[in-house]
Amino acid sequence: MHTVLVIAKNTFKLEIRNKILYAILGFGVLYAVVMLFLSDLVLQELPMVKSFGLLGIYFFNVIVALFLGTTSFHKDIERKIVYFILAKPVSRAQFVIGKFTGLCLVLLSSSVMLGAVYCGVIAYAHGGFDAMGLLAIAMQFLEMALFLAFAIFVTTFSSSLLSIVYTSAVFFAGHIVSSILVDAKAIGIGGFKLLAVEAMYYVLPNLEKFNIRDFAVHPVATPFTFFFMALCYAAAYIALLLFAAIWIFEKKEL
């Protein structure tokens, strides 16, 4: 456990200094500042301010997760860092888990920073303390952690460019797969086509499970079991992805 934490700490320190990450987060803060003016000029209603704010945080966190997940692992190989680490009494499993933990800490830092800016914007728009908005951001972080785990899994067997392509494709598929299944059943598709759609539904991550932005924007009650099931789903899927990544990484020749 100590080894994993050391790798996570070093990963966090290395990635938090990345200028590209600062640029992404800078645009995120700039987006929030622009929202301050829009809330007075265009977005006169508080739900619209919340909707634009949460969507903006989600957009920038997706970029951060995609950037970190598809580049960090390859950078360690290119800079020979992984050889130096594995030369010590460190297993490949510890390296992968530590890497994932460190990247999650970076993602958590960006979520906290953008969440604080969001709260400031909502307070400025006379929305008070938006607890549901913060919960929506927390759910977005869960989704991004799963997204990050998938990116790490892909990078263990593909190049950096292909990792971006595969991870982006699964991200978009993860948001529409449930709708595709519903539509397929509604129009009466059966046989092999329906089995293929159902296989996609159960194999690909269902990222819509973490989307509660509508609940945060509008005063709609959300059952506690919804959040609990989403947390369990994320934990199980992340565990499977990291297990697969470790298995592939252990078979890989460096």
# chains A, B, ... in the order shown; residues from 1 in each chain; ligands from 1

call {"tool": "residues_around", "arguments": {"residues": "Lys50 of chain A", "least_positions_apart": "2", "cutoff": "8 Å", "atoms": "only C-alpha atoms", "output": "list of chain:residue names"}}
result
A:Leu46, A:Pro47, A:Met48, A:Phe52, A:Gly53, A:Leu54, A:Ile122, A:Gly133, A:Ala216, A:Val217

call {"tool": "select_by_dssp", "arguments": {"residues": "segment 59-165 of chain A", "states": "alpha helix (DSSP H)", "output": "PyMOL selection string"}}
result
chain A and resi 59-78+81-86+92-124+131-155+160-165

call {"tool": "residues_around", "arguments": {"residues": "Leu114 of chain A", "least_positions_apart": "5", "cutoff": "12 Å", "atoms": "only C-alpha atoms", "output": "PDB file with C-alpha atoms, in the first residue's frame"}}
result
ATOM      1  CA  ILE A  24      -7.238  23.516 -19.874  1.00  0.00           C
ATOM      2  CA  LEU A  25      -8.136  24.581 -16.343  1.00  0.00           C
ATOM      3  CA  GLY A  26      -7.476  28.199 -17.263  1.00  0.00           C
ATOM      4  CA  PHE A  27     -10.072  27.967 -20.004  1.00  0.00           C
ATOM      5  CA  GLY A  28     -12.412  26.381 -17.450  1.00  0.00           C
ATOM      6  CA  VAL A  29     -12.037  29.331 -15.081  1.00  0.00           C
ATOM      7  CA  LEU A  30     -12.407  31.749 -17.999  1.00  0.00           C
ATOM      8  CA  TYR A  31     -15.642  29.978 -18.946  1.00  0.00           C
ATOM      9  CA  ALA A  32     -16.936  30.543 -15.407  1.00  0.00           C
ATOM     10  CA  VAL A  33     -15.988  34.232 -15.534  1.00  0.00           C
ATOM     11  CA  GLY A  53     -22.127  25.904 -15.329  1.00  0.00           C
ATOM     12  CA  LEU A  54     -22.397  22.142 -14.776  1.00  0.00           C
ATOM     13  CA  LEU A  55     -22.095  21.439 -18.487  1.00  0.00           C
ATOM     14  CA  GLY A  56     -18.946  23.563 -18.665  1.00  0.00           C
ATOM     15  CA  ILE A  57     -17.320  21.782 -15.718  1.00  0.00           C
ATOM     16  CA  TYR A  58     -18.203  18.448 -17.277  1.00  0.00           C
ATOM     17  CA  PHE A  59     -16.711  19.444 -20.637  1.00  0.00           C
ATOM     18  CA  PHE A  60     -13.404  20.588 -19.163  1.00  0.00           C
ATOM     19  CA  ASN A  61     -13.119  17.548 -16.874  1.00  0.00           C
ATOM     20  CA  LEU A 107      -8.789  15.064 -11.629  1.00  0.00           C
ATOM     21  CA  LEU A 108     -10.174  15.577  -8.123  1.00  0.00           C
ATOM     22  CA  SER A 109      -8.145  18.779  -7.758  1.00  0.00           C
ATOM     23  CA  CYS A 119     -20.439  27.828  -6.320  1.00  0.00           C
ATOM     24  CA  GLY A 120     -19.190  31.390  -6.562  1.00  0.00           C
ATOM     25  CA  VAL A 121     -21.077  31.955  -9.807  1.00  0.00           C
ATOM     26  CA  GLY A 133     -24.922  21.074  -7.955  1.00  0.00           C
ATOM     27  CA  LEU A 134     -21.943  19.886  -5.910  1.00  0.00           C
ATOM     28  CA  ILE A 137     -20.052  17.492  -9.852  1.00  0.00           C
ATOM     29  CA  ALA A 138     -19.189  14.578  -7.532  1.00  0.00           C
ATOM     30  CA  GLN A 140     -19.222  13.682 -12.785  1.00  0.00           C
ATOM     31  CA  PHE A 141     -15.975  12.895 -10.964  1.00  0.00           C
TER      32      PHE A 141
END

call {"tool": "closest_residue", "arguments": {"among": "A:Met139, A:Leu14, A:Leu148, A:Ala199", "to": "Ile238 of chain A", "atoms": "only C-alpha atoms"}}
result
A:Leu148

call {"tool": "closest_residue", "arguments": {"among": "A:Ser111, A:Thr167, A:Thr3, A:Asn211", "to": "Gly69 of chain A", "atoms": "only C-alpha atoms"}}
result
A:Thr167

call {"tool": "residues_around", "arguments": {"residues": "segment 74-91 of chain A", "least_positions_apart": "3", "cutoff": "8 Å", "atoms": "only C-alpha atoms", "output": "list in words"}}
result
Thr3, Thr70, Thr71, Gln94, Phe95, Thr155, Ser159, Ser160 and Leu254 of chain A

call {"tool": "write_last_selection", "arguments": {"atoms": "N, CA and C atoms", "output": "compact mmCIF listing (two decimals), in the first residue's frame"}}
result
# COMPACT_ATOMS: atom_id res chain seq x y z
N THR A 3 3.81 1.60 -1.27
CA THR A 3 4.39 1.77 -2.61
C THR A 3 3.39 2.42 -3.56
N THR A 70 -4.61 9.21 -21.54
CA THR A 70 -4.02 8.71 -22.78
C THR A 70 -2.57 9.13 -22.99
N THR A 71 -2.04 10.00 -22.14
CA THR A 71 -0.65 10.47 -22.34
C THR A 71 0.30 10.10 -21.21
N GLN A 94 1.18 -2.69 -8.76
CA GLN A 94 1.33 -1.51 -7.91
C GLN A 94 1.54 -0.26 -8.75
N PHE A 95 2.28 -0.40 -9.84
CA PHE A 95 2.52 0.75 -10.72
C PHE A 95 1.23 1.23 -11.36
N THR A 155 -4.35 2.25 -23.01
CA THR A 155 -2.95 2.61 -23.26
C THR A 155 -1.97 1.47 -23.02
N SER A 159 -1.10 2.66 -29.05
CA SER A 159 -0.32 3.90 -29.08
C SER A 159 -1.12 5.04 -28.48
N SER A 160 -0.46 6.17 -28.29
CA SER A 160 -1.12 7.33 -27.68
C SER A 160 -2.27 7.83 -28.56
N LEU A 254 8.75 -4.75 -22.03
CA LEU A 254 9.19 -3.35 -22.03
C LEU A 254 10.65 -3.26 -22.48

call {"tool": "residues_around", "arguments": {"residues": "Lys99 of chain A", "least_positions_apart": "6", "cutoff": "9 Å", "atoms": "only C-alpha atoms", "output": "PyMOL selection string"}}
result
chain A and resi 4+7-12+72-73+152

call {"tool": "closest_residue", "arguments": {"among": "A:Ala239, A:Val117, A:Leu204, A:Leu161", "to": "His175 of chain A", "atoms": "only C-alpha atoms"}}
result
A:Leu204

call {"tool": "residues_around", "arguments": {"residues": "Val203 of chain A", "least_positions_apart": "3", "cutoff": "12 Å", "atoms": "only C-alpha atoms", "output": "CSV table (one decimal) with C-alpha atoms, in the first residue's frame"}}
result
chain,number,residue,atom,x,y,z
A,170,VAL,CA,-16.2,4.5,-26.0
A,173,ALA,CA,-21.0,5.2,-27.1
A,174,GLY,CA,-21.3,5.1,-23.3
A,177,VAL,CA,-25.9,2.9,-25.7
A,178,SER,CA,-28.9,2.9,-23.3
A,195,LEU,CA,-28.4,-9.4,-29.3
A,196,ALA,CA,-25.5,-7.2,-30.6
A,197,VAL,CA,-27.1,-4.0,-29.1
A,198,GLU,CA,-27.7,-5.8,-25.8
A,199,ALA,CA,-24.1,-7.0,-25.8
A,200,MET,CA,-23.0,-3.4,-26.3
A,206,ASN,CA,-23.2,3.1,-19.2
A,207,LEU,CA,-22.0,6.7,-18.5
A,237,TYR,CA,-16.3,-1.3,-13.5
A,240,LEU,CA,-12.5,-4.8,-13.8
A,241,LEU,CA,-10.7,-2.3,-16.1

call {"tool": "residues_around", "arguments": {"residues": "Ala149 of chain A", "least_positions_apart": "4", "cutoff": "12 Å", "atoms": "only C-alpha atoms", "output": "ChimeraX atom specification"}}
result
/A:65-66,68-70,73,96-104,142-145,153-156,167,171,205,234-246

call {"tool": "closest_residue", "arguments": {"among": "A:Val34, A:Ile176, A:Ala125, A:Ala136", "to": "Asp214 of chain A", "atoms": "only C-alpha atoms"}}
result
A:Ala136
